[in-house]
Amino acid sequence: MESTVLKVDNFSAYFGDNQVLKNINLETSTNLVTALMGPSGCGKTTLIRCVNRMHELIPGTSVTGNMYLKDLDVYAMEPIVLRRKIGMVFQKPNPFPMMSIYDNVVAGYKLNGIRLKKDEFDNIVERSLKGSALWDEVKDSLQKKGTFLSGGQQQRLCIARALAMNPEILLLDEPTSALDPKSTSAIEELIVELKKTVTMLLVTHNIAQAARVSDYTAFIYLGELVEFGPTEKMFTVPKDKRTEEYLTGKFG
Amino acid sequence: MMKDHTTTRMIKDKAFRVIVIFLACFAMLPLLLILYYITRNGIAVINWEFLTQLPRPIGEAGGGVFNAVIGTGMLIILSSILAIPFGITTGIYLSERSEGKIANIVRLCVVVLQGTPSIVIGIIAYIWVVAPFQSFSAISGGVALSTMMLPVIIKSTEETLKLMPYHLKEASLALGVPYYKTILKVILPTGLSGILTGILLSVARITGETAPLLFTAFGNQFMNWNLFKPIDSLPYRIFYYAMSPYPEWHTFAWGASFILVVVVLGFNLIARGVAVKWKVQF
């Protein structure tokens, strides 16, 4: 059953007077991976951060237009409530260094003061780590610090941490840019596996990665959504000249 | 020709290295001499009796510095209770709002406070606490010493928290954790070792302070547990014994100095240990 998860409606974002996103319109549906692709500085990271309103951490930002998560108006609710419904994975793996692997997975519950029974926590940890394909590697060392893991494992731990909150959508902000090729392909396989159950928005500057894992692709250039459509179609017959030039490596 | 030139340069290089090492060792000399004198003169009087008995009146042999040890302990605890909450919160504020007018004013105040002579802080504590209560007291000593601890704790907290990577805060905020919980449950625990080190160093610093105690805690021949009455302390006891005309009291002053130096050294070593052992890896 496909239904709209995220609807971006005529959305613009500004840093001070500088307009970084220009009238973006975008829709993603259940259990699809949508890739946001474009050259550095095009606004793709800003767009993904506008979804969970993390861009508001930078003073002087403002937005116009609308964004809806299912039937909720993103900009009419409290950010802390919104962010519990949205998972986010960052460029650099960022597990909490003072917490064990176990506590890292349930950090969203523990830090928010949500109390559950021990076996409920155990279930969440096992389900989330299995979901992020890390369970077999760490099931015997759940009480070790998360920072003892390798970079790729740390990133999968961060994905588990986001999955534990049962997010409506998972935002992936260039999740493999700090990883080696082997870890990168592990994360990509994981994304393909995860899309059976999770809706994802993936920021990437890697064209090949967008082609490998995404169902839909949005090409953003200079803050403008140039083209948006099924990945296969866009990569074979791009409608816009700029998309074609970007895909063939003429710029970016 | 070429070879000679290289040789001169190598000799200069060696000479420079020798001079640097020599001067570095020379700088350690005062500390080593202090430790030597205090140990030589002080260790002889250290025994169980010295640590657990009260001072005796003039003319009576024996006695100890038990009240001074307890007094110093009480002063440390009191001033820590007063200084730590203010110090850490101010440090958090400065690291979170590193730009801004108020932050700059606060930062300037911290620097000035750090440079304020301890005797002046003693007088201020006298006016604030001793005069209204009309009595020298442990509390007033605690106020004076906590004022001296504040700048050290604030600075170390600020510097520690500034080193925390930004992506840690993002990770927490993205999970929907409110800002205050992010600070209290993520940022502070991660910086705990640095903050603790700062607190221990500030304690080490105030343990040996004498001047601010002269008009506040004042000193006391007897055992006192009442916070509103004058109490004794190791630095004050040393001052009192060393100024006296009796040779036996002079040896007591050395003994008390030995205890004080060991305590301060202990705090410094623990601080180092904490910094190394609890260091968080990112």
# chains A, B, ... in the order shown; residues from 1 in each chain; ligands from 1
call {"tool": "residues_around", "arguments": {"residues": "segment 176-190 of chain B", "least_positions_apart": "5", "cutoff": "10 Å", "atoms": "only C-alpha atoms", "output": "PyMOL selection string"}}
result
(chain A and resi 52+78-87+96-99+107-113) or (chain B and resi 88+92+96+157+160-162+164-166+168-171+195+278-282)
call {"tool": "select_by_dssp", "arguments": {"residues": "segment 78-179 of chain A", "states": "strand (DSSP E or B)", "output": "PDB file with N, CA and C atoms, in the first residue's frame"}}
result
ATOM      1  N   ILE A  86      11.280  11.195  13.205  1.00  0.00           N
ATOM      2  CA  ILE A  86      12.162  11.178  12.043  1.00  0.00           C
ATOM      3  C   ILE A  86      13.545  10.710  12.482  1.00  0.00           C
ATOM      4  N   GLY A  87      14.067   9.686  11.829  1.00  0.00           N
ATOM      5  CA  GLY A  87      15.411   9.226  12.153  1.00  0.00           C
ATOM      6  C   GLY A  87      16.416   9.962  11.291  1.00  0.00           C
ATOM      7  N   MET A  88      17.618  10.201  11.836  1.00  0.00           N
ATOM      8  CA  MET A  88      18.617  10.859  11.005  1.00  0.00           C
ATOM      9  C   MET A  88      19.974  10.198  11.198  1.00  0.00           C
ATOM     10  N   VAL A  89      20.661   9.992  10.088  1.00  0.00           N
ATOM     11  CA  VAL A  89      22.011   9.434  10.112  1.00  0.00           C
ATOM     12  C   VAL A  89      22.927  10.457   9.438  1.00  0.00           C
ATOM     13  N   SER A 100      27.371   2.473  26.182  1.00  0.00           N
ATOM     14  CA  SER A 100      27.632   1.157  25.613  1.00  0.00           C
ATOM     15  C   SER A 100      26.853   1.028  24.298  1.00  0.00           C
ATOM     16  N   LYS A 145      31.779  -0.143  24.850  1.00  0.00           N
ATOM     17  CA  LYS A 145      31.529   1.214  24.346  1.00  0.00           C
ATOM     18  C   LYS A 145      31.373   1.189  22.822  1.00  0.00           C
ATOM     19  N   ILE A 169      10.132   8.274   8.740  1.00  0.00           N
ATOM     20  CA  ILE A 169      11.043   8.403   7.604  1.00  0.00           C
ATOM     21  C   ILE A 169      12.466   8.448   8.159  1.00  0.00           C
ATOM     22  N   LEU A 170      13.414   7.914   7.387  1.00  0.00           N
ATOM     23  CA  LEU A 170      14.804   7.909   7.822  1.00  0.00           C
ATOM     24  C   LEU A 170      15.599   8.822   6.890  1.00  0.00           C
ATOM     25  N   LEU A 171      16.240   9.829   7.464  1.00  0.00           N
ATOM     26  CA  LEU A 171      17.047  10.752   6.671  1.00  0.00           C
ATOM     27  C   LEU A 171      18.503  10.309   6.720  1.00  0.00           C
ATOM     28  N   LEU A 172      19.098  10.140   5.550  1.00  0.00           N
ATOM     29  CA  LEU A 172      20.492   9.708   5.498  1.00  0.00           C
ATOM     30  C   LEU A 172      21.300  10.818   4.815  1.00  0.00           C
ATOM     31  N   ASP A 173      22.153  11.485   5.587  1.00  0.00           N
ATOM     32  CA  ASP A 173      22.898  12.628   5.056  1.00  0.00           C
ATOM     33  C   ASP A 173      24.303  12.182   4.664  1.00  0.00           C
TER      34      ASP A 173
END
call {"tool": "residues_around", "arguments": {"residues": "Arg56 of chain B", "least_positions_apart": "6", "cutoff": "10 Å", "atoms": "only C-alpha atoms", "output": "PyMOL selection string"}}
result
chain B and resi 62-65+221-222
call {"tool": "closest_residue", "arguments": {"among": "B:Ala61, B:Ser202, B:Glu99, B:Lys229", "to": "Ser140 of chain B", "atoms": "only C-alpha atoms"}}
result
B:Lys229
call {"tool": "closest_atom_pairs", "arguments": {"of": "segment 143-228 of chain B", "to": "segment 236-260 of chain B", "cutoff": "8 Å", "atoms": "only C-alpha atoms", "output": "JSON lines"}}
result
{"residue": "B:Thr207", "atom": "CA", "partner": "B:Leu260", "partner_atom": "CA", "distance": 7.7}
{"residue": "B:Gly208", "atom": "CA", "partner": "B:Leu260", "partner_atom": "CA", "distance": 7.0}
{"residue": "B:Thr210", "atom": "CA", "partner": "B:Tyr236", "partner_atom": "CA", "distance": 5.9}
{"residue": "B:Leu213", "atom": "CA", "partner": "B:Tyr236", "partner_atom": "CA", "distance": 7.4}
{"residue": "B:Leu214", "atom": "CA", "partner": "B:Tyr236", "partner_atom": "CA", "distance": 7.5}
{"residue": "B:Phe218", "atom": "CA", "partner": "B:Tyr236", "partner_atom": "CA", "distance": 7.8}
{"residue": "B:Gly219", "atom": "CA", "partner": "B:Tyr236", "partner_atom": "CA", "distance": 6.3}
call {"tool": "atom_distance", "arguments": {"atom1": "atom CA of Ser132 of chain A", "atom2": "atom CA of Leu190 of chain A"}}
result
6.6 Å
call {"tool": "residues_around", "arguments": {"residues": "Val125 of chain A", "least_positions_apart": "5", "cutoff": "10 Å", "atoms": "only C-alpha atoms", "output": "PDB file with N, CA and C atoms, in the first residue's frame"}}
result
ATOM      1  N   ILE A 101      27.153  -0.044  23.552  1.00  0.00           N
ATOM      2  CA  ILE A 101      26.422  -0.293  22.307  1.00  0.00           C
ATOM      3  C   ILE A 101      24.928  -0.387  22.588  1.00  0.00           C
ATOM      4  N   TYR A 102      24.601  -1.144  23.643  1.00  0.00           N
ATOM      5  CA  TYR A 102      23.202  -1.322  24.045  1.00  0.00           C
ATOM      6  C   TYR A 102      22.532   0.022  24.300  1.00  0.00           C
ATOM      7  N   ASP A 103      23.183   0.855  25.132  1.00  0.00           N
ATOM      8  CA  ASP A 103      22.577   2.149  25.485  1.00  0.00           C
ATOM      9  C   ASP A 103      22.508   3.078  24.284  1.00  0.00           C
ATOM     10  N   ASN A 104      23.457   2.955  23.360  1.00  0.00           N
ATOM     11  CA  ASN A 104      23.419   3.778  22.164  1.00  0.00           C
ATOM     12  C   ASN A 104      22.163   3.485  21.350  1.00  0.00           C
ATOM     13  N   VAL A 105      21.818   2.189  21.242  1.00  0.00           N
ATOM     14  CA  VAL A 105      20.653   1.833  20.434  1.00  0.00           C
ATOM     15  C   VAL A 105      19.379   2.420  21.040  1.00  0.00           C
ATOM     16  N   VAL A 106      19.262   2.349  22.364  1.00  0.00           N
ATOM     17  CA  VAL A 106      18.026   2.844  22.986  1.00  0.00           C
ATOM     18  C   VAL A 106      18.189   4.275  23.505  1.00  0.00           C
ATOM     19  N   ASP A 119      12.947  -6.186  29.363  1.00  0.00           N
ATOM     20  CA  ASP A 119      12.841  -7.081  28.210  1.00  0.00           C
ATOM     21  C   ASP A 119      12.306  -6.349  26.976  1.00  0.00           C
ATOM     22  N   GLU A 120      11.553  -5.256  27.203  1.00  0.00           N
ATOM     23  CA  GLU A 120      11.130  -4.446  26.052  1.00  0.00           C
ATOM     24  C   GLU A 120      12.340  -3.770  25.417  1.00  0.00           C
ATOM     25  N   LYS A 130      19.459  -6.062  14.455  1.00  0.00           N
ATOM     26  CA  LYS A 130      19.241  -6.979  13.334  1.00  0.00           C
ATOM     27  C   LYS A 130      18.855  -6.181  12.105  1.00  0.00           C
ATOM     28  N   GLY A 131      18.022  -5.162  12.308  1.00  0.00           N
ATOM     29  CA  GLY A 131      17.594  -4.300  11.211  1.00  0.00           C
ATOM     30  C   GLY A 131      18.760  -3.601  10.542  1.00  0.00           C
ATOM     31  N   TRP A 135      23.774  -7.055  14.365  1.00  0.00           N
ATOM     32  CA  TRP A 135      23.511  -7.924  15.511  1.00  0.00           C
ATOM     33  C   TRP A 135      24.561  -9.029  15.646  1.00  0.00           C
ATOM     34  N   LYS A 139      26.543  -8.993  19.150  1.00  0.00           N
ATOM     35  CA  LYS A 139      25.596  -9.508  20.147  1.00  0.00           C
ATOM     36  C   LYS A 139      26.290  -9.976  21.428  1.00  0.00           C
ATOM     37  N   LEU A 142      27.541  -6.297  23.810  1.00  0.00           N
ATOM     38  CA  LEU A 142      26.598  -5.177  23.859  1.00  0.00           C
ATOM     39  C   LEU A 142      26.958  -4.153  24.919  1.00  0.00           C
ATOM     40  N   ALA A 160      20.917   1.857  13.592  1.00  0.00           N
ATOM     41  CA  ALA A 160      20.112   1.115  14.564  1.00  0.00           C
ATOM     42  C   ALA A 160      19.481   2.061  15.575  1.00  0.00           C
ATOM     43  N   ARG A 161      20.251   3.055  15.997  1.00  0.00           N
ATOM     44  CA  ARG A 161      19.750   4.033  16.968  1.00  0.00           C
ATOM     45  C   ARG A 161      18.538   4.771  16.402  1.00  0.00           C
ATOM     46  N   LEU A 163      16.583   3.575  13.885  1.00  0.00           N
ATOM     47  CA  LEU A 163      15.504   2.603  13.659  1.00  0.00           C
ATOM     48  C   LEU A 163      14.753   2.284  14.945  1.00  0.00           C
ATOM     49  N   ALA A 164      15.471   2.330  16.075  1.00  0.00           N
ATOM     50  CA  ALA A 164      14.863   1.961  17.358  1.00  0.00           C
ATOM     51  C   ALA A 164      13.651   2.823  17.675  1.00  0.00           C
TER      52      ALA A 164
END
call {"tool": "closest_residue", "arguments": {"among": "B:Ala83, B:Ala211, B:Leu31, B:Leu200", "to": "Gly122 of chain B", "atoms": "only C-alpha atoms"}}
result
B:Ala211
call {"tool": "residues_around", "arguments": {"residues": "Glu244 of chain A", "least_positions_apart": "2", "cutoff": "12 Å", "atoms": "only C-alpha atoms", "output": "list in words"}}
result
Ile207, Phe219, Val226, Glu227, Lys233, Met234, Phe235, Thr236, Val237, Pro238, Lys239, Asp240, Lys241, Arg242, Tyr246, Leu247, Thr248, Gly249, Lys250, Phe251 and Gly252 of chain A
call {"tool": "residues_around", "arguments": {"residues": "segment 179-183 of chain A", "least_positions_apart": "3", "cutoff": "9 Å", "atoms": "only C-alpha atoms", "output": "short mmCIF file (atom, residue, chain, number, x, y, z; two decimals) with C-alpha atoms, in the first residue's frame"}}
result
data_model
loop_
_atom_site.label_atom_id
_atom_site.label_comp_id
_atom_site.auth_asym_id
_atom_site.auth_seq_id
_atom_site.Cartn_x
_atom_site.Cartn_y
_atom_site.Cartn_z
CA LYS A 92 30.28 11.15 10.24
CA GLY A 151 33.75 3.32 11.27
CA GLY A 152 31.30 1.27 9.20
CA GLN A 153 30.03 -0.56 12.27
CA GLN A 155 27.52 4.05 11.19
CA PRO A 175 26.02 8.27 5.26
CA THR A 176 28.97 6.73 3.45
CA ALA A 186 27.71 -2.83 3.37
CA ILE A 187 25.68 0.32 4.10
CA GLU A 188 24.28 0.35 0.56
#
call {"tool": "atom_distance", "arguments": {"atom1": "atom CA of Leu201 of chain A", "atom2": "atom CA of Val138 of chain A"}}
result
26.9 Å
call {"tool": "select_by_dssp", "arguments": {"residues": "segment 110-196 of chain B", "states": "alpha helix (DSSP H)", "output": "PyMOL selection string"}}
result
chain B and resi 110-115+118-125+131-133+138-162+166-174+179-181+188-190+192-196
call {"tool": "closest_residue", "arguments": {"among": "B:Ser193, B:Thr8, B:Thr116, B:Thr90", "to": "chain A", "atoms": "only C-alpha atoms"}}
result
B:Ser193
call {"tool": "atom_distance", "arguments": {"atom1": "atom CA of Tyr68 of chain A", "atom2": "atom CA of Val5 of chain A"}}
result
7.9 Å
